[in-house]
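Structure first, commentary second.
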Amino acid sequence: MSTQDSFERISYEKRQAFWNVVEGPYVVHAAMILTVLSILVPILWMTLTSFKTADGVFTAAYLPPELTTEAYQQVLIENNYWKALLNSMVISTSTTIIVMVLAIPAGYGFSRFRFKFDNAIFIGVIFSRLFPPIGIIIPYFQGLAAFGLLNSTTGIILAQVYLWLPLMIYIMRNFFISIPKEIDESALVDGCTKIQAFRKVVLPLAKPGVAAVGILTFLYSWREFLFSFMISNTLASRPISVAVYDFVGEVNVSWDQMAAAAVLAIVPTILVVLFFQQYIVSGLTAGAMKGE
């Protein structure tokens, strides 16, 4: 007996009663609560671990018997991991600025102008992002080595720009497509040049998209691990996303210090998401629904 036949043997009233329970407020709220807990519990566990002593990490108690900031002092002062936080801020900020400077005019150009092989060029830009990073890291590593950019924040910034620029061009193109071309034409009729029409009329209307591109690039750059791990092996240039891995030794793992470094690493991203979440949602929505 097929599954469809079994399904049709169930009366409509029973099927409707089943879906009324599944879609009911209790089931929906329970699913939402479980989803939130699955996200928050690991972060809470990591935060509590960061306030334990090195020996207290191995106790069965979830709550530390005594709170201590010893792990934070060891991470930031004794091990100088404040340098990794500074590297992350420099790398993420520089990457965000470069990507925005390149992605905004590129997205506008792909949305407004038709030229020979324009679709092929745009597909080529997006296609470069379809490769898994591990598949392109070897030639990229050799290229940076040839220019002497290994173990430098400059090499990591170039890698980050390569990783995130195609996606941001795609988002900005879709945002500009959502703005009617008649607005550009009205500005030209009023005496603006094409550059003035873009800078004074279109760009202000695309502020939500510009903000989304900046925020997403910063968040993606802050958490990137693979390229930064391969390019840099010194604390002088490593971002905090990679520096956390330094607490994994050949024999032992410094769980308390690793947890403290991880907490320090996620605090800036949490603040960015809390303050700018409306722009992130609008940017992703535009990229998903307004594109052609």
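So you can find residues: chains in the structure tokens are A, B, ... in the order shown, residues in each start at 1, and ligands are numbered from 1 in order.
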Which segment 197-216 of chain A residues have any atom within 10 Å of an atom of segment 177-193 of chain A, and for each, what is the nearest pair of atoms with distance in Å to one decimal, counting only C-alpha atoms, rows sorted by chain and number, as JSON lines?
{"residue": "A:Ala197", "atom": "CA", "partner": "A:Ala187", "partner_atom": "CA", "distance": 5.5}
{"residue": "A:Phe198", "atom": "CA", "partner": "A:Asp184", "partner_atom": "CA", "distance": 7.3}
{"residue": "A:Arg199", "atom": "CA", "partner": "A:Thr193", "partner_atom": "CA", "distance": 9.8}
{"residue": "A:Lys200", "atom": "CA", "partner": "A:Ala187", "partner_atom": "CA", "distance": 8.9}
{"residue": "A:Val201", "atom": "CA", "partner": "A:Ala187", "partner_atom": "CA", "distance": 7.2}
{"residue": "A:Val202", "atom": "CA", "partner": "A:Asp184", "partner_atom": "CA", "distance": 7.0}
{"residue": "A:Leu203", "atom": "CA", "partner": "A:Ile179", "partner_atom": "CA", "distance": 9.9}
{"residue": "A:Leu205", "atom": "CA", "partner": "A:Ile179", "partner_atom": "CA", "distance": 7.7}
{"residue": "A:Ala206", "atom": "CA", "partner": "A:Ile179", "partner_atom": "CA", "distance": 7.9}
Taking the DSSP secondary structure from the backbone, can you list the residues of segment 104-186 of chain A that are helix (DSSP H, G or I), as a PyMOL selection string? chain A and resi 104-112+118-127+133-146+153-177+181-186
Quick one: residues within 8 Å of Val57 of chain A, only C-alpha atoms counted, chain neighbours fewer than 6 positions away excluded, as a list in words?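 Counting only C-alpha atoms, the residues come to Thr49, Trp255 and Asp256 of chain A.
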Exercise: Leu76 of chain A partners within 10 Å, only C-alpha atoms, chain neighbours under 4 positions left out, as a list in words: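 The contact residues come out as Ala71, Tyr72, Asn80, Tyr81, Trp82, Lys83, Ala84, Leu85, Gln257, Ala260, Ala261 and Leu264 of chain A.
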If we count only C-alpha atoms and set the cut-off at 9 Å, which residues sit around Pro166 of chain A, ignoring sequence neighbours fewer than 4 positions away in its own chain? Please answer as a ChimeraX atom specification. /A:103,125-129,161-162,170-171
How about saving the chosen residues, N, CA and C atoms kept, as a compact mmCIF listing (two decimals), in the first residue's frame?
# COMPACT_ATOMS: atom_id res chain seq x y z
N ALA A 103 31.92 47.70 -4.51
CA ALA A 103 30.64 47.03 -4.77
C ALA A 103 29.53 48.01 -5.16
N VAL A 125 31.44 37.15 -12.32
CA VAL A 125 31.68 37.70 -10.98
C VAL A 125 31.05 36.81 -9.92
N ILE A 126 29.79 36.42 -10.13
CA ILE A 126 29.10 35.57 -9.17
C ILE A 126 29.68 34.17 -9.16
N PHE A 127 30.08 33.68 -10.35
CA PHE A 127 30.60 32.32 -10.46
C PHE A 127 31.87 32.14 -9.63
N SER A 128 32.66 33.21 -9.52
CA SER A 128 33.90 33.11 -8.75
C SER A 128 33.64 32.83 -7.29
N ARG A 129 32.42 33.13 -6.84
CA ARG A 129 32.08 32.90 -5.42
C ARG A 129 31.49 31.52 -5.18
N VAL A 161 38.59 40.67 0.78
CA VAL A 161 37.93 41.40 -0.32
C VAL A 161 37.55 40.43 -1.43
N TYR A 162 38.46 39.53 -1.75
CA TYR A 162 38.16 38.53 -2.80
C TYR A 162 36.97 37.67 -2.41
N TYR A 170 26.36 41.59 -5.89
CA TYR A 170 25.04 41.01 -6.18
C TYR A 170 23.95 41.71 -5.36
N ILE A 171 24.20 41.92 -4.07
CA ILE A 171 23.20 42.58 -3.22
C ILE A 171 22.96 44.02 -3.69
Which residues are close to segment 119-124 of chain A, i.e. within 12 Å by only C-alpha atoms, leaving aside same-chain residues fewer than 4 positions away? Reply as a PyMOL selection string. chain A and resi 106-107+109-111+113-115+128-131+166-167+169-170+173+292
Suppose we keep N, CA and C atoms; can you now write the selection as a PDB file, in the first residue's frame?
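Written out: again_20.pdb:
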ATOM      1  N   ALA A 106      29.947  49.164  -8.828  1.00  0.00           N
ATOM      2  CA  ALA A 106      29.804  47.975  -9.678  1.00  0.00           C
ATOM      3  C   ALA A 106      28.349  47.515  -9.728  1.00  0.00           C
ATOM      4  N   GLY A 107      27.685  47.495  -8.580  1.00  0.00           N
ATOM      5  CA  GLY A 107      26.277  47.105  -8.544  1.00  0.00           C
ATOM      6  C   GLY A 107      25.406  48.062  -9.331  1.00  0.00           C
ATOM      7  N   GLY A 109      26.401  49.910 -11.898  1.00  0.00           N
ATOM      8  CA  GLY A 109      26.692  49.716 -13.310  1.00  0.00           C
ATOM      9  C   GLY A 109      25.982  48.504 -13.887  1.00  0.00           C
ATOM     10  N   PHE A 110      25.998  47.382 -13.154  1.00  0.00           N
ATOM     11  CA  PHE A 110      25.323  46.177 -13.642  1.00  0.00           C
ATOM     12  C   PHE A 110      23.807  46.346 -13.675  1.00  0.00           C
ATOM     13  N   SER A 111      23.257  47.231 -12.843  1.00  0.00           N
ATOM     14  CA  SER A 111      21.799  47.407 -12.794  1.00  0.00           C
ATOM     15  C   SER A 111      21.294  48.385 -13.841  1.00  0.00           C
ATOM     16  N   PHE A 113      23.374  49.862 -16.845  1.00  0.00           N
ATOM     17  CA  PHE A 113      23.984  49.974 -18.167  1.00  0.00           C
ATOM     18  C   PHE A 113      24.049  48.614 -18.859  1.00  0.00           C
ATOM     19  N   ARG A 114      23.767  48.646 -20.150  1.00  0.00           N
ATOM     20  CA  ARG A 114      23.872  47.442 -20.983  1.00  0.00           C
ATOM     21  C   ARG A 114      25.095  47.612 -21.885  1.00  0.00           C
ATOM     22  N   PHE A 115      25.964  46.648 -21.858  1.00  0.00           N
ATOM     23  CA  PHE A 115      27.150  46.682 -22.699  1.00  0.00           C
ATOM     24  C   PHE A 115      27.451  45.253 -23.153  1.00  0.00           C
ATOM     25  N   SER A 128      32.656  33.208  -9.522  1.00  0.00           N
ATOM     26  CA  SER A 128      33.897  33.110  -8.754  1.00  0.00           C
ATOM     27  C   SER A 128      33.636  32.828  -7.288  1.00  0.00           C
ATOM     28  N   ARG A 129      32.416  33.131  -6.836  1.00  0.00           N
ATOM     29  CA  ARG A 129      32.080  32.902  -5.415  1.00  0.00           C
ATOM     30  C   ARG A 129      31.489  31.522  -5.182  1.00  0.00           C
ATOM     31  N   LEU A 130      31.219  30.785  -6.266  1.00  0.00           N
ATOM     32  CA  LEU A 130      30.605  29.470  -6.109  1.00  0.00           C
ATOM     33  C   LEU A 130      31.614  28.405  -5.714  1.00  0.00           C
ATOM     34  N   PHE A 131      32.908  28.668  -5.943  1.00  0.00           N
ATOM     35  CA  PHE A 131      33.920  27.691  -5.567  1.00  0.00           C
ATOM     36  C   PHE A 131      34.071  27.655  -4.050  1.00  0.00           C
ATOM     37  N   PRO A 166      32.116  39.655  -4.526  1.00  0.00           N
ATOM     38  CA  PRO A 166      31.063  39.209  -5.465  1.00  0.00           C
ATOM     39  C   PRO A 166      29.668  39.206  -4.848  1.00  0.00           C
ATOM     40  N   LEU A 167      29.550  38.714  -3.610  1.00  0.00           N
ATOM     41  CA  LEU A 167      28.238  38.684  -2.960  1.00  0.00           C
ATOM     42  C   LEU A 167      27.689  40.089  -2.745  1.00  0.00           C
ATOM     43  N   ILE A 169      28.424  42.804  -4.497  1.00  0.00           N
ATOM     44  CA  ILE A 169      28.018  43.357  -5.800  1.00  0.00           C
ATOM     45  C   ILE A 169      26.614  42.855  -6.161  1.00  0.00           C
ATOM     46  N   TYR A 170      26.359  41.589  -5.891  1.00  0.00           N
ATOM     47  CA  TYR A 170      25.041  41.015  -6.176  1.00  0.00           C
ATOM     48  C   TYR A 170      23.947  41.710  -5.362  1.00  0.00           C
ATOM     49  N   ARG A 173      23.488  45.322  -6.669  1.00  0.00           N
ATOM     50  CA  ARG A 173      22.813  45.319  -7.976  1.00  0.00           C
ATOM     51  C   ARG A 173      21.318  45.150  -7.788  1.00  0.00           C
ATOM     52  N   GLU A 292      16.639  40.139 -10.350  1.00  0.00           N
ATOM     53  CA  GLU A 292      16.051  39.629 -11.591  1.00  0.00           C
ATOM     54  C   GLU A 292      16.684  38.307 -11.950  1.00  0.00           C
TER      55      GLU A 292
END
Neighbouring residues of Phe276 of chain A were defined as those with any atom within 12 Å, considering only C-alpha atoms; residues of the same chain fewer than 5 positions away were excluded. Please report them as a VMD selection string. chain A and resid 208 211 to 216 218 to 219 269 to 271 281 to 283
Write out, as a JSON list (two decimals), in the first residue's frame, the residues just selected, with N, CA and C atoms.
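New file out.json:
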[["chain", "number", "residue", "atom", "x", "y", "z"],
["A", 208, "PRO", "N", 19.60, 51.93, 2.66],
["A", 208, "PRO", "CA", 19.44, 50.64, 3.38],
["A", 208, "PRO", "C", 20.32, 49.54, 2.80],
["A", 211, "ALA", "N", 23.96, 50.25, 3.78],
["A", 211, "ALA", "CA", 24.17, 49.89, 5.19],
["A", 211, "ALA", "C", 24.25, 48.37, 5.35],
["A", 212, "ALA", "N", 23.37, 47.65, 4.65],
["A", 212, "ALA", "CA", 23.38, 46.18, 4.75],
["A", 212, "ALA", "C", 24.69, 45.60, 4.24],
["A", 213, "VAL", "N", 25.19, 46.14, 3.13],
["A", 213, "VAL", "CA", 26.46, 45.65, 2.57],
["A", 213, "VAL", "C", 27.60, 45.89, 3.55],
["A", 214, "GLY", "N", 27.63, 47.08, 4.14],
["A", 214, "GLY", "CA", 28.69, 47.37, 5.10],
["A", 214, "GLY", "C", 28.65, 46.48, 6.33],
["A", 215, "ILE", "N", 27.45, 46.28, 6.87],
["A", 215, "ILE", "CA", 27.32, 45.47, 8.09],
["A", 215, "ILE", "C", 27.63, 44.01, 7.81],
["A", 216, "LEU", "N", 27.09, 43.48, 6.72],
["A", 216, "LEU", "CA", 27.33, 42.07, 6.40],
["A", 216, "LEU", "C", 28.80, 41.81, 6.11],
["A", 218, "PHE", "N", 31.36, 43.43, 7.30],
["A", 218, "PHE", "CA", 32.08, 43.49, 8.58],
["A", 218, "PHE", "C", 31.89, 42.18, 9.36],
["A", 219, "LEU", "N", 30.65, 41.69, 9.43],
["A", 219, "LEU", "CA", 30.39, 40.46, 10.18],
["A", 219, "LEU", "C", 31.07, 39.26, 9.54],
["A", 269, "THR", "N", 30.48, 41.37, 17.41],
["A", 269, "THR", "CA", 29.47, 40.96, 16.44],
["A", 269, "THR", "C", 28.06, 41.03, 17.03],
["A", 270, "ILE", "N", 27.94, 40.69, 18.32],
["A", 270, "ILE", "CA", 26.61, 40.80, 18.96],
["A", 270, "ILE", "C", 26.15, 42.25, 19.00],
["A", 271, "LEU", "N", 27.06, 43.16, 19.32],
["A", 271, "LEU", "CA", 26.70, 44.58, 19.36],
["A", 271, "LEU", "C", 26.29, 45.09, 17.98],
["A", 281, "VAL", "N", 18.34, 42.66, 7.89],
["A", 281, "VAL", "CA", 17.14, 41.98, 7.37],
["A", 281, "VAL", "C", 16.71, 42.59, 6.05],
["A", 282, "SER", "N", 16.70, 43.93, 5.96],
["A", 282, "SER", "CA", 16.27, 44.57, 4.72],
["A", 282, "SER", "C", 17.22, 44.26, 3.58],
["A", 283, "GLY", "N", 18.53, 44.17, 3.86],
["A", 283, "GLY", "CA", 19.50, 43.86, 2.82],
["A", 283, "GLY", "C", 19.34, 42.46, 2.29]]
Gap from atom CA of Thr96 of chain A to atom CA of Val36 of chain A - Å, one decimal: 29.4 Å
To one decimal in Å, tell me the separation between atom CA of Met100 of chain A and atom CA of Val210 of chain A.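 Here the two named atoms are 7.6 Å from each other.
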Measure the distance from atom CA of Lys52 of chain A to atom CA of Ala259 of chain A in Å and round it to one decimal.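 Separation of atom CA of Lys52 of chain A and atom CA of Ala259 of chain A: 9.6 Å.
Nearest to Trp222 of chain A of all the residues A:Thr234, A:Thr47, A:Ser38, A:Ser92 is A:Ser92, based on only C-alpha atoms.
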Selected residue, from A:Thr68, A:Ser228, A:Asn87, A:Asn252, that lies nearest to Phe141 of chain A when counting only C-alpha atoms: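 Between A:Thr68, A:Ser228, A:Asn87, A:Asn252, the residue approaching Phe141 of chain A most closely is A:Ser228.
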